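The structure under discussion appears below in the form of structure tokens.
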Number of protein chains: 2
Amino acid sequence: MPLTRLTANTPEGGTVKSTRVTMKDVSVAAGVSQATVSFVLNDKPGETISPETRDRVRRAAADLGYRPNGAARALREGTSRIVILNVARLPHGGTGLAAFIDALDAELEHLDHMLLVRYRAGSDDIERMTAMVAPRAVLDLDRIYNSPDAEAEVADGGWTEGLAAHTAVQLRHLVDGGHTTIGMALPDGRPELERLAALRLDYARRTLGDLGLEGPPTLTMGAGVDEDRTALSDFIDRHPAVTAIAALDDDTALRVLAASRALDLPVPGRLAVIGFDDAGAGELVSPSLTSVRIDTAAFGRRLARQVLGLPEGDAAPTPSPATVIRRRSA
Amino acid sequence: MPLTRLTANTPEGGTVKSTRVTMKDVSVAAGVSQATVSFVLNDKPGETISPETRDRVRRAAADLGYRPNGAARALREGTSRIVILNVARLPHGGTGLAAFIDALDAELEHLDHMLLVRYRAGSDDIERMTAMVAPRAVLDLDRIYNSPDAEAEVADGGWTEGLAAHTAVQLRHLVDGGHTTIGMALPDGRPELERLAALRLDYARRTLGDLGLEGPPTLTMGAGVDEDRTALSDFIDRHPAVTAIAALDDDTALRVLAASRALDLPVPGRLAVIGFDDAGAGELVSPSLTSVRIDTAAFGRRLARQVLGLPEGDAAPTPSPATVIRRRSA
DNA sequence: GCGGACTACTAAATCGAATAAGTGCAGTCT
DNA sequence: AGACTGCACTTATTCGATTTAGTAGTCCGC
């Protein structure tokens with residue numbers, strides 16, 4: 001009754017190795033050379049293979065249950081068909097990020113690649129990884145936030161442009177609710193989120209500007225329950241006109257909620273609170289947390305193709321809907 | 001300003017390939033054959049290499065920054081040095097699981113292997129993975145719960161035995177608080193957690209039995225906020241003597257808290273609630289959630305060695321402490 | 001009726017490590 | 001002195017794919 005199910009491949013190669021179907025086996029079954037099998041199965045352009053032969057080969061491969069050996073491929077091609085997603089220390093609780101990963105995974109699978117996730121951070125780790133697994137690409141969700149070369153043109157599946165729209169949805173919900181002086185809550189002591197915070201803050205400023213409102217004063221939460229209460233208290237003293245707070249994420253929003261409770265500030269009566277990237281716990285607190293659920297699947301799909309250097313594909317310039325999950329807090 | 005930092009290895013090979021340091025390069029630099037380099041770097045037993053040569057080889061390898069090519073190794077040996085952890089659809093918010101993964105990762109790194117996490121489930125996926133990455137082992141956190149052969153002897157780093165102790169800590173906290181009739185809250189509609197639930201319930205029953213108390217009546221939560229309220233209401237009606245509830249995890253505990261609030265049941269006055277595997281949101285709700293924080297690092301370390309077929313190593317039969325994070329709810 | 005182009009393939013090299021099977025030489029035993 | 005053993009290596013093969021460089025055979029024009 002163990003927690004883990006172990007499927008070990010004995011390095012000694014017991015029966016496993018002898019069972020493996022190789023390209024050679026397929027070539028024999030189809031009565032052609034091994035090279036021909038490779039040409040057919042990879043649809044190599046420029047090679048002329050008769051339709052009948054193609055058929056025989058494909059049939060043989062299917063019959064035998066042939067699967068190309070990733071190691072051999074990687075050795076020959078220089079990189080494996082693995083794509084690494086590095087999520088070191090980032091929050092991955094939100095539904096948005098989960099959907100993003102799901103879509104990325106599905107699309108990569110469709111393109112005959114495999115997404116694997118790495119939790120370790122550090123540049124040395126990336127070096128190790130390059131040597132050990134030679135991934136086709138590394139998607140680093142962490143590094144970007146601390147990246148000095150902010151303007152580097154890097155594939156992101158359109159996430160960044162989407163972020164602007166999503167931030168706007170969050171703010172607009174508060175404005176539609178009649179709020180005109182809005183604050184923004186950012187996480188404390190999370191250096192890996194610093195750049196994301198700056199980005200979101202910038203978009204928030206623009207959104208409010210477009211609506212003829214002043215940019216949001218900011219509030220930092222996350223140092224601890226007591227510190228949070230003090231921080232919110234100070235913030236309200238300094239900005240008494242603020243009647244609503246938009247948070248960077250649900251965790252930060254929950255902290256605002258907790259601090260408000262401690263200060264006896266009625267939510268949403270005195271202070272409306274809205275989160276971002278609905279993380280699930282929002283419906284379990286009181287008052288329940290209003291949040292923004294973002295559809296990031298389209299980004300994931302686009303990123304998969306970008307990462308492999310493929311054209312955008314059939315995925316049209318999809319709109320990226322963000323919907324407000326309306327609960328009690330705003 | 002993208003979300004992702006992309007480090008692509010061009011399949012075309014560009015400059016990267018020419019830059020790679022191979023064993024051949026090392027052998028030339030050290031003035032020996034490539035085979036000798038392999039013998040030295042792998043400490044091949046049975047091979048007699050003079051200390052001076054060993055030194056020259058090691059020095060050359062270090063100077064050139066040699067890193068063995070994972071693909072070549074995998075091709076030759078039949079399996080790569082990658083260990084896959086499959087966490088498909090399981091909750092991974094708890095601090096315990098995070099610490100478990102961290103320790104597993106660190107120990108595997110120490111043993112020159114690499115832990116990569118896979119989110120997809122399904123047997124077909126495992127087949128794909130075997131062909132594409134040929135992992136040395138697959139740790140499936142998911143399958144185990146549905147596994148029919150419950151008694152299979154599989155490496156788990158001692159997790160299972162620990163679970164019993166941890167469950168006891170959770171229950172004992174309630175008993176120490178004066179509670180004698182205790183219920184257990186289990187998640188609803190999470191088939192992947194069914195077996196874990198059964199396991200925990202069994203341990204709970206034993207713990208209570210040892211203390212001379214009756215086994216816990218169970219309560220199912222998670223179908224939805226309204227359903228949860230009804231479920232708790234029914235439960236209290238049926239078991240009015242129950243004054244405390246131990247939950248399978250923090251998420252389930254939060255649901256009990258929310259339902260209690262909806263029913264105006266004072267917590268911990270009428271009903272004490274304790275979670276498991278402290279997931280972080282517990283301190284942000286009101287009343288704040290008491291939970292059990294488990295130290296799973298030792299399990300991770302042991303599992304790493306088990307999985308690679310190594311002896312237990314220096315890691316002594318470590319005790320696995322579980323500590324109650326005492327907050328307001330119990 | 002012969003060179004050239006095209007078709008439909010095959011043979012062999014290659015990627016980088018691990019390893020089985022030698023090779024030359026010094027020392028030992030009988 | 002010749003066989004034998006052990007040491008310190010080297011040579012060459014292997015893993016399973018991709019890819020380059022062929023090689024027969026056919027058709028086509030002149």
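Ordering of the structure tokens sets the chain letters (A, B, ...), residue numbers begin anew at 1 in every chain, and ligands are numbered from 1 in the order given.
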If we count only C-alpha atoms (C1' of nucleotides), what is near stretch 10-21 of chain D at a cut-off of 8 Å, once residues fewer than 5 positions away on the same chain are taken out, given as a count of residues only? 18
Any chance you could tabulate, as a Markdown table, the residues of chain C at most 8 Å from chain A with each one's nearest atom pair and distance in Å to one decimal, using only C-alpha atoms (C1' of nucleotides), in chain and rising number order?
| residue | atom | partner | partner_atom | distance |
| --- | --- | --- | --- | --- |
| C:DT7 | C1' | A:Thr48 | CA | 6.8 |
| C:DA8 | C1' | A:Ile49 | CA | 5.9 |
| C:DC9 | C1' | A:Ile49 | CA | 7.4 |
| C:DT10 | C1' | A:Ser33 | CA | 6.4 |
| C:DT14 | C1' | A:Arg76 | CA | 7.5 |
| C:DC15 | C1' | A:Arg76 | CA | 4.5 |
| C:DG16 | C1' | A:Leu75 | CA | 7.4 |
Report as a ChimeraX atom specification all protein, DNA and RNA residues lying within 12 Å of B:Val37, evaluated on only C-alpha atoms (C1' of nucleotides), omitting residues in the same chain fewer than 2 positions from it. /B:22-35,39-44,47,49,53-61,66,68 /C:17-18 /D:9-10
Stretch 106-121 of chain A surroundings by only C-alpha atoms (C1' of nucleotides), 6 Å radius, close-in-sequence under 4 positions cut, as an mmCIF file with N, CA and C atoms, in the first residue's frame:
data_model
loop_
_atom_site.group_PDB
_atom_site.id
_atom_site.type_symbol
_atom_site.label_atom_id
_atom_site.label_comp_id
_atom_site.auth_asym_id
_atom_site.auth_seq_id
_atom_site.Cartn_x
_atom_site.Cartn_y
_atom_site.Cartn_z
ATOM 1 N N ARG A 81 13.218 15.287 -27.989
ATOM 2 C CA ARG A 81 11.926 15.931 -28.271
ATOM 3 C C ARG A 81 11.211 16.260 -26.976
ATOM 4 N N ILE A 82 12.001 16.591 -26.012
ATOM 5 C CA ILE A 82 11.450 16.968 -24.720
ATOM 6 C C ILE A 82 11.492 18.486 -24.588
ATOM 7 N N VAL A 83 10.427 19.048 -24.076
ATOM 8 C CA VAL A 83 10.401 20.475 -23.773
ATOM 9 C C VAL A 83 10.261 20.605 -22.263
ATOM 10 N N ILE A 84 11.144 21.379 -21.676
ATOM 11 C CA ILE A 84 11.121 21.526 -20.226
ATOM 12 C C ILE A 84 10.416 22.809 -19.824
ATOM 13 N N LEU A 85 9.530 22.688 -18.874
ATOM 14 C CA LEU A 85 8.905 23.868 -18.296
ATOM 15 C C LEU A 85 9.453 24.025 -16.884
ATOM 16 N N ASN A 86 10.128 25.124 -16.682
ATOM 17 C CA ASN A 86 10.711 25.365 -15.371
ATOM 18 C C ASN A 86 9.789 26.271 -14.562
ATOM 19 N N VAL A 87 9.190 25.725 -13.513
ATOM 20 C CA VAL A 87 8.235 26.522 -12.735
ATOM 21 C C VAL A 87 8.766 26.817 -11.347
ATOM 22 N N ALA A 88 10.087 26.793 -11.211
ATOM 23 C CA ALA A 88 10.715 26.924 -9.904
ATOM 24 C C ALA A 88 10.064 27.973 -9.012
ATOM 25 N N ARG A 301 -1.345 26.831 -26.386
ATOM 26 C CA ARG A 301 -1.294 26.225 -27.710
ATOM 27 C C ARG A 301 -0.340 26.995 -28.633
ATOM 28 N N ALA A 304 3.341 26.505 -27.710
ATOM 29 C CA ALA A 304 3.887 25.219 -28.126
ATOM 30 C C ALA A 304 4.472 25.322 -29.527
ATOM 31 N N LEU B 116 12.079 14.696 -13.140
ATOM 32 C CA LEU B 116 11.222 15.539 -13.954
ATOM 33 C C LEU B 116 9.786 15.152 -13.649
ATOM 34 N N VAL B 117 8.926 16.138 -13.670
ATOM 35 C CA VAL B 117 7.552 15.902 -13.267
ATOM 36 C C VAL B 117 6.625 15.910 -14.470
ATOM 37 N N ARG B 118 5.733 14.955 -14.468
ATOM 38 C CA ARG B 118 4.782 14.845 -15.563
ATOM 39 C C ARG B 118 3.380 15.015 -15.008
#
Hand me chain B as it sits after a least-squares fit onto chain A over every Cα, paired in order, written as a short mmCIF file (atom, residue, chain, number, x, y, z; two decimals) with C-alpha atoms, in the first residue's frame.
data_model
loop_
_atom_site.label_atom_id
_atom_site.label_comp_id
_atom_site.auth_asym_id
_atom_site.auth_seq_id
_atom_site.Cartn_x
_atom_site.Cartn_y
_atom_site.Cartn_z
CA MET B 1 -0.27 0.04 0.00
CA PRO B 2 2.37 2.49 -1.01
CA LEU B 3 1.99 6.00 -2.16
CA THR B 4 3.96 5.43 -5.27
CA ARG B 5 3.67 2.98 -8.07
CA LEU B 6 7.10 2.14 -9.28
CA THR B 7 7.73 1.09 -12.84
CA ALA B 8 11.41 0.53 -13.03
CA ASN B 9 13.37 -0.11 -16.19
CA THR B 10 16.18 -2.36 -15.17
CA PRO B 11 19.39 -0.90 -16.54
CA GLU B 12 20.51 -4.51 -17.00
CA GLY B 13 17.98 -4.68 -19.77
CA GLY B 14 16.30 -7.97 -18.85
CA THR B 15 13.44 -8.82 -21.11
CA VAL B 16 12.62 -5.25 -21.93
CA LYS B 17 15.42 -4.69 -24.39
CA SER B 18 14.74 -7.85 -26.35
CA THR B 19 11.10 -6.87 -26.61
CA ARG B 20 11.72 -3.42 -28.04
CA VAL B 21 10.71 -3.02 -31.66
CA THR B 22 13.32 -1.16 -33.64
CA MET B 23 13.34 0.33 -37.07
CA LYS B 24 15.33 -2.67 -38.21
CA ASP B 25 12.48 -4.97 -37.23
CA VAL B 26 10.05 -2.88 -39.20
CA SER B 27 12.32 -2.82 -42.23
CA VAL B 28 12.61 -6.60 -42.23
CA ALA B 29 8.86 -7.03 -41.88
CA ALA B 30 8.24 -4.64 -44.75
CA GLY B 31 10.99 -6.05 -46.90
CA VAL B 32 12.88 -2.79 -47.30
CA SER B 33 15.98 -1.19 -45.87
CA GLN B 34 16.04 0.57 -42.54
CA ALA B 35 16.69 3.87 -44.27
CA THR B 36 13.51 3.53 -46.28
CA VAL B 37 11.55 3.03 -43.09
CA SER B 38 12.99 6.22 -41.71
CA PHE B 39 12.13 8.12 -44.89
CA VAL B 40 8.57 6.89 -44.88
CA LEU B 41 7.79 7.34 -41.22
CA ASN B 42 9.23 10.83 -41.18
CA ASP B 43 7.73 11.86 -44.51
CA LYS B 44 11.13 13.00 -45.57
CA PRO B 45 10.70 15.55 -48.34
CA GLY B 46 12.75 14.96 -51.46
CA GLU B 47 12.74 11.20 -51.13
CA THR B 48 10.80 9.28 -53.75
CA ILE B 49 9.13 6.22 -52.29
CA SER B 50 6.31 4.48 -54.10
CA PRO B 51 2.89 4.59 -52.50
CA GLU B 52 2.79 0.79 -52.20
CA THR B 53 6.06 0.71 -50.30
CA ARG B 54 4.95 3.55 -48.07
CA ASP B 55 1.89 1.56 -47.26
CA ARG B 56 3.77 -1.65 -46.50
CA VAL B 57 6.13 0.21 -44.21
CA ARG B 58 3.42 2.02 -42.33
CA ARG B 59 1.43 -1.13 -41.95
CA ALA B 60 4.42 -3.05 -40.65
CA ALA B 61 5.22 -0.29 -38.16
CA ALA B 62 1.66 -0.26 -36.89
CA ASP B 63 1.45 -4.04 -36.70
CA LEU B 64 4.63 -4.33 -34.71
CA GLY B 65 3.72 -1.39 -32.51
CA TYR B 66 6.88 0.46 -33.43
CA ARG B 67 7.84 3.47 -31.33
CA PRO B 68 10.93 5.46 -32.22
CA ASN B 69 13.61 5.35 -29.57
CA GLY B 70 13.94 8.80 -28.09
CA ALA B 71 17.53 8.35 -27.02
CA ALA B 72 18.72 7.35 -30.47
CA ARG B 73 16.87 10.20 -32.02
CA ALA B 74 18.22 12.67 -29.54
CA LEU B 75 21.75 11.45 -30.07
CA ARG B 76 21.49 11.81 -33.80
CA GLU B 77 19.59 15.08 -33.90
CA GLY B 78 21.37 16.83 -31.09
CA THR B 79 18.23 17.47 -29.07
CA SER B 80 15.47 15.32 -27.68
CA ARG B 81 11.81 15.94 -28.29
CA ILE B 82 11.32 16.98 -24.73
CA VAL B 83 10.26 20.49 -23.80
CA ILE B 84 10.97 21.53 -20.26
CA LEU B 85 8.75 23.89 -18.33
CA ASN B 86 10.54 25.39 -15.39
CA VAL B 87 8.08 26.55 -12.75
CA ALA B 88 10.57 26.96 -9.95
CA ARG B 89 8.97 28.38 -6.84
CA LEU B 90 6.20 30.09 -8.73
CA PRO B 91 2.64 29.87 -7.57
CA HIS B 92 0.90 27.22 -9.57
CA GLY B 93 -2.39 27.11 -7.80
CA GLY B 94 -4.39 29.30 -10.13
CA THR B 95 -6.73 27.79 -12.67
CA GLY B 96 -5.22 29.97 -15.36
CA LEU B 97 -1.75 28.58 -15.09
CA ALA B 98 -3.14 25.06 -14.89
CA ALA B 99 -5.13 25.53 -18.08
CA PHE B 100 -2.10 27.08 -19.72
CA ILE B 101 0.02 24.06 -18.90
CA ASP B 102 -2.70 21.64 -19.97
CA ALA B 103 -3.07 23.24 -23.37
CA LEU B 104 0.66 23.53 -23.86
CA ASP B 105 1.01 19.89 -22.99
CA ALA B 106 -1.77 18.77 -25.30
CA GLU B 107 -0.48 20.73 -28.24
CA LEU B 108 3.07 19.54 -27.75
CA GLU B 109 1.84 15.97 -27.58
CA HIS B 110 0.05 16.57 -30.84
CA LEU B 111 3.33 17.73 -32.32
CA ASP B 112 5.08 14.58 -31.13
CA HIS B 113 6.87 16.26 -28.28
CA MET B 114 6.62 15.82 -24.56
CA LEU B 115 6.25 18.42 -21.86
CA LEU B 116 8.03 17.75 -18.61
CA VAL B 117 8.04 20.05 -15.64
CA ARG B 118 11.05 20.94 -13.58
CA TYR B 119 10.79 22.50 -10.13
CA ARG B 120 14.41 23.23 -9.46
CA ALA B 121 15.76 26.60 -10.38
CA GLY B 122 19.23 27.93 -10.93
CA SER B 123 21.43 28.32 -13.97
CA ASP B 124 23.55 25.36 -12.99
CA ASP B 125 20.45 23.24 -13.16
CA ILE B 126 19.71 24.37 -16.68
CA GLU B 127 23.21 23.42 -17.67
CA ARG B 128 22.78 19.97 -16.17
CA MET B 129 19.48 19.62 -17.93
CA THR B 130 20.92 20.60 -21.27
CA ALA B 131 23.53 17.89 -20.99
CA MET B 132 21.28 15.23 -19.51
CA VAL B 133 18.06 15.62 -21.45
CA ALA B 134 18.99 18.03 -24.24
CA PRO B 135 15.49 19.48 -24.35
CA ARG B 136 14.30 21.07 -27.53
CA ALA B 137 13.38 24.12 -25.50
CA VAL B 138 13.20 25.34 -21.95
CA LEU B 139 10.26 27.49 -20.95
CA ASP B 140 11.33 29.34 -17.89
CA LEU B 141 8.42 30.83 -16.02
CA ASP B 142 10.73 32.00 -13.30
CA ARG B 143 13.68 33.73 -14.81
CA ILE B 144 11.61 36.11 -16.82
CA TYR B 145 10.58 38.03 -13.75
CA ASN B 146 14.13 38.85 -12.80
CA SER B 147 15.35 39.17 -16.32
CA PRO B 148 17.30 42.37 -16.87
CA ASP B 149 16.75 42.48 -20.62
CA ALA B 150 13.10 43.28 -20.30
CA GLU B 151 12.60 43.92 -23.96
CA ALA B 152 14.00 40.65 -25.21
CA GLU B 153 11.80 39.30 -27.92
CA VAL B 154 10.87 35.91 -26.69
CA ALA B 155 8.03 33.62 -27.52
CA ASP B 156 5.29 33.71 -24.93
CA GLY B 157 2.29 32.55 -26.90
CA GLY B 158 0.73 35.97 -26.59
CA TRP B 159 0.52 35.79 -22.84
CA THR B 160 1.86 39.26 -22.30
CA GLU B 161 -0.62 41.00 -24.53
CA GLY B 162 -3.34 38.94 -22.85
CA LEU B 163 -2.20 40.05 -19.43
CA ALA B 164 -3.03 43.61 -20.29
CA ALA B 165 -6.56 42.69 -21.30
CA HIS B 166 -7.04 40.54 -18.24
CA THR B 167 -5.87 43.24 -15.91
CA ALA B 168 -8.35 45.56 -17.56
CA VAL B 169 -11.18 43.11 -16.88
CA GLN B 170 -10.25 43.01 -13.22
CA LEU B 171 -10.14 46.78 -12.84
CA ARG B 172 -13.24 47.41 -14.90
CA HIS B 173 -15.30 45.17 -12.65
CA LEU B 174 -14.49 47.48 -9.77
CA VAL B 175 -15.15 50.61 -11.78
CA ASP B 176 -18.45 49.18 -13.01
CA GLY B 177 -19.31 48.60 -9.36
CA GLY B 178 -19.04 52.34 -8.81
CA HIS B 179 -15.54 52.52 -7.38
CA THR B 180 -13.42 55.45 -8.47
CA THR B 181 -10.44 55.22 -6.17
CA ILE B 182 -8.82 51.83 -6.41
CA GLY B 183 -5.73 50.39 -4.76
CA MET B 184 -3.59 47.51 -5.87
CA ALA B 185 -2.27 44.80 -3.54
CA LEU B 186 1.06 43.21 -4.41
CA PRO B 187 2.86 40.33 -2.75
CA ASP B 188 5.74 40.92 -0.38
CA GLY B 189 9.00 39.06 -0.32
CA ARG B 190 8.44 37.27 -3.58
CA PRO B 191 11.27 38.50 -5.74
CA GLU B 192 10.28 36.07 -8.46
CA LEU B 193 7.01 37.93 -8.84
CA GLU B 194 8.49 41.40 -8.89
CA ARG B 195 8.48 41.90 -12.60
CA LEU B 196 5.05 40.40 -13.04
CA ALA B 197 3.86 42.83 -10.42
CA ALA B 198 5.46 45.74 -12.24
CA LEU B 199 3.83 44.63 -15.46
CA ARG B 200 0.40 44.31 -13.95
CA LEU B 201 0.73 47.62 -12.17
CA ASP B 202 1.63 49.29 -15.40
CA TYR B 203 -1.40 47.85 -17.18
CA ALA B 204 -3.59 48.83 -14.25
CA ARG B 205 -2.35 52.37 -14.45
CA ARG B 206 -3.13 52.51 -18.15
CA THR B 207 -6.57 51.01 -17.73
CA LEU B 208 -7.48 53.50 -15.05
CA GLY B 209 -5.98 56.31 -17.09
CA ASP B 210 -8.15 55.37 -20.05
CA LEU B 211 -11.14 55.63 -17.77
CA GLY B 212 -10.05 59.01 -16.56
CA LEU B 213 -9.02 57.79 -13.12
CA GLU B 214 -5.84 58.15 -11.11
CA GLY B 215 -3.24 55.34 -11.07
CA PRO B 216 -3.59 52.90 -8.18
CA PRO B 217 -1.68 53.39 -4.94
CA THR B 218 -0.05 50.10 -3.96
CA LEU B 219 -0.15 48.00 -0.86
CA THR B 220 2.24 45.19 -0.03
CA MET B 221 0.95 42.04 1.65
CA GLY B 222 2.47 38.72 2.59
CA ALA B 223 5.04 39.34 5.30
CA GLY B 224 2.84 37.68 7.91
CA VAL B 225 -0.62 37.93 9.35
CA ASP B 226 0.26 40.68 11.84
CA GLU B 227 2.35 42.63 9.38
CA ASP B 228 -0.44 42.41 6.82
CA ARG B 229 -2.88 43.96 9.26
CA THR B 230 -0.54 46.82 9.99
CA ALA B 231 0.16 47.34 6.32
CA LEU B 232 -3.51 47.54 5.44
CA SER B 233 -4.21 49.84 8.37
CA ASP B 234 -1.44 52.19 7.29
CA PHE B 235 -2.61 52.05 3.71
CA ILE B 236 -6.16 53.00 4.61
CA ASP B 237 -4.89 55.86 6.73
CA ARG B 238 -2.79 57.18 3.91
CA HIS B 239 -5.42 56.64 1.23
CA PRO B 240 -8.79 57.01 2.92
CA ALA B 241 -10.53 57.51 -0.42
CA VAL B 242 -9.74 54.01 -1.58
CA THR B 243 -12.86 51.83 -1.59
CA ALA B 244 -11.65 48.86 -3.57
CA ILE B 245 -8.54 46.77 -3.97
CA ALA B 246 -7.40 44.70 -6.91
CA ALA B 247 -4.88 42.04 -5.96
CA LEU B 248 -2.08 40.53 -8.00
CA ASP B 249 -3.36 37.05 -7.29
CA ASP B 250 -5.82 35.19 -5.10
CA ASP B 251 -3.32 34.56 -2.37
CA THR B 252 -2.65 38.25 -1.96
CA ALA B 253 -6.39 38.93 -2.10
CA LEU B 254 -7.02 36.42 0.69
CA ARG B 255 -4.49 38.25 2.79
CA VAL B 256 -6.28 41.52 2.23
CA LEU B 257 -9.49 39.81 3.27
CA ALA B 258 -7.89 38.44 6.43
CA ALA B 259 -6.43 41.83 7.31
CA SER B 260 -9.76 43.56 6.71
CA ARG B 261 -11.40 41.11 9.07
CA ALA B 262 -8.79 41.80 11.70
CA LEU B 263 -9.36 45.55 11.32
CA ASP B 264 -13.14 45.19 11.30
CA LEU B 265 -13.32 46.75 7.86
CA PRO B 266 -16.53 45.54 6.24
CA VAL B 267 -15.97 43.78 2.90
CA PRO B 268 -17.30 44.75 0.46
CA GLY B 269 -19.01 47.58 2.39
CA ARG B 270 -15.96 49.64 3.21
CA LEU B 271 -13.51 47.83 0.98
CA ALA B 272 -14.24 45.72 -2.07
CA VAL B 273 -11.61 43.09 -2.91
CA ILE B 274 -11.00 41.23 -6.14
CA GLY B 275 -8.43 38.51 -6.81
CA PHE B 276 -6.89 37.21 -10.02
CA ASP B 277 -6.53 33.77 -11.59
CA ASP B 278 -9.19 32.11 -9.48
CA ALA B 279 -7.35 29.63 -7.32
CA GLY B 280 -10.22 27.73 -5.77
CA ALA B 281 -9.98 28.64 -2.12
CA GLY B 282 -11.90 31.81 -2.83
CA GLU B 283 -15.30 30.23 -2.46
CA LEU B 284 -14.41 28.76 0.92
CA VAL B 285 -13.75 31.97 2.78
CA SER B 286 -16.11 34.54 4.14
CA PRO B 287 -16.87 36.79 2.44
CA SER B 288 -16.19 34.63 -0.58
CA LEU B 289 -13.62 36.07 -2.94
CA THR B 290 -14.53 37.54 -6.30
CA SER B 291 -11.81 36.76 -8.81
CA VAL B 292 -10.95 36.79 -12.50
CA ARG B 293 -10.76 33.51 -14.29
CA ILE B 294 -8.58 33.71 -17.36
CA ASP B 295 -8.66 31.40 -20.31
CA THR B 296 -5.05 30.75 -21.04
CA ALA B 297 -5.52 27.62 -23.12
CA ALA B 298 -5.11 29.55 -26.35
CA PHE B 299 -1.78 30.93 -25.13
CA GLY B 300 -0.59 27.45 -24.30
CA ARG B 301 -1.45 26.20 -27.75
CA ARG B 302 0.24 29.09 -29.49
CA LEU B 303 3.29 28.86 -27.32
CA ALA B 304 3.72 25.19 -28.18
CA ARG B 305 4.05 26.04 -31.85
CA GLN B 306 6.22 29.09 -31.28
CA VAL B 307 8.58 27.11 -29.17
CA LEU B 308 9.13 24.52 -31.86
CA GLY B 309 9.63 27.20 -34.45
CA LEU B 310 6.44 26.29 -36.27
CA PRO B 311 4.08 28.74 -37.96
CA GLU B 312 1.07 29.81 -35.97
CA GLY B 313 -1.01 27.05 -37.48
CA ASP B 314 -4.75 26.74 -37.65
CA ALA B 315 -5.14 28.42 -34.30
CA ALA B 316 -6.49 31.76 -35.39
CA PRO B 317 -5.64 34.89 -33.43
CA THR B 318 -7.94 33.71 -30.70
CA PRO B 319 -9.42 36.19 -28.34
CA SER B 320 -8.54 35.35 -24.76
CA PRO B 321 -11.60 35.69 -22.63
CA ALA B 322 -11.33 36.64 -19.01
CA THR B 323 -14.43 36.33 -16.91
CA VAL B 324 -15.17 37.71 -13.53
CA ILE B 325 -16.16 35.03 -11.05
CA ARG B 326 -18.50 37.11 -9.02
CA ARG B 327 -18.74 36.20 -5.36
CA ARG B 328 -19.27 38.36 -2.30
CA SER B 329 -16.09 40.38 -1.89
CA ALA B 330 -16.59 42.71 -4.85
#
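Here atom C1' of C:DG24 is placed at a distance of 12.5 Å from atom C1' of D:DG6.
Note that the spacing between atom C1' of C:DA20 and atom C1' of D:DT5 amounts to 20.1 Å.
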Work out how far apart atom C1' of D:DA8 and atom C1' of C:DT30 are and give it in Å to one decimal. 26.6 Å
Pick out the residues sitting within 12 Å of D:DC30, and hand them over as a count of residues only; count only C-alpha atoms (C1' of nucleotides), and ignore anything fewer than 5 positions along from it in its own chain. 4
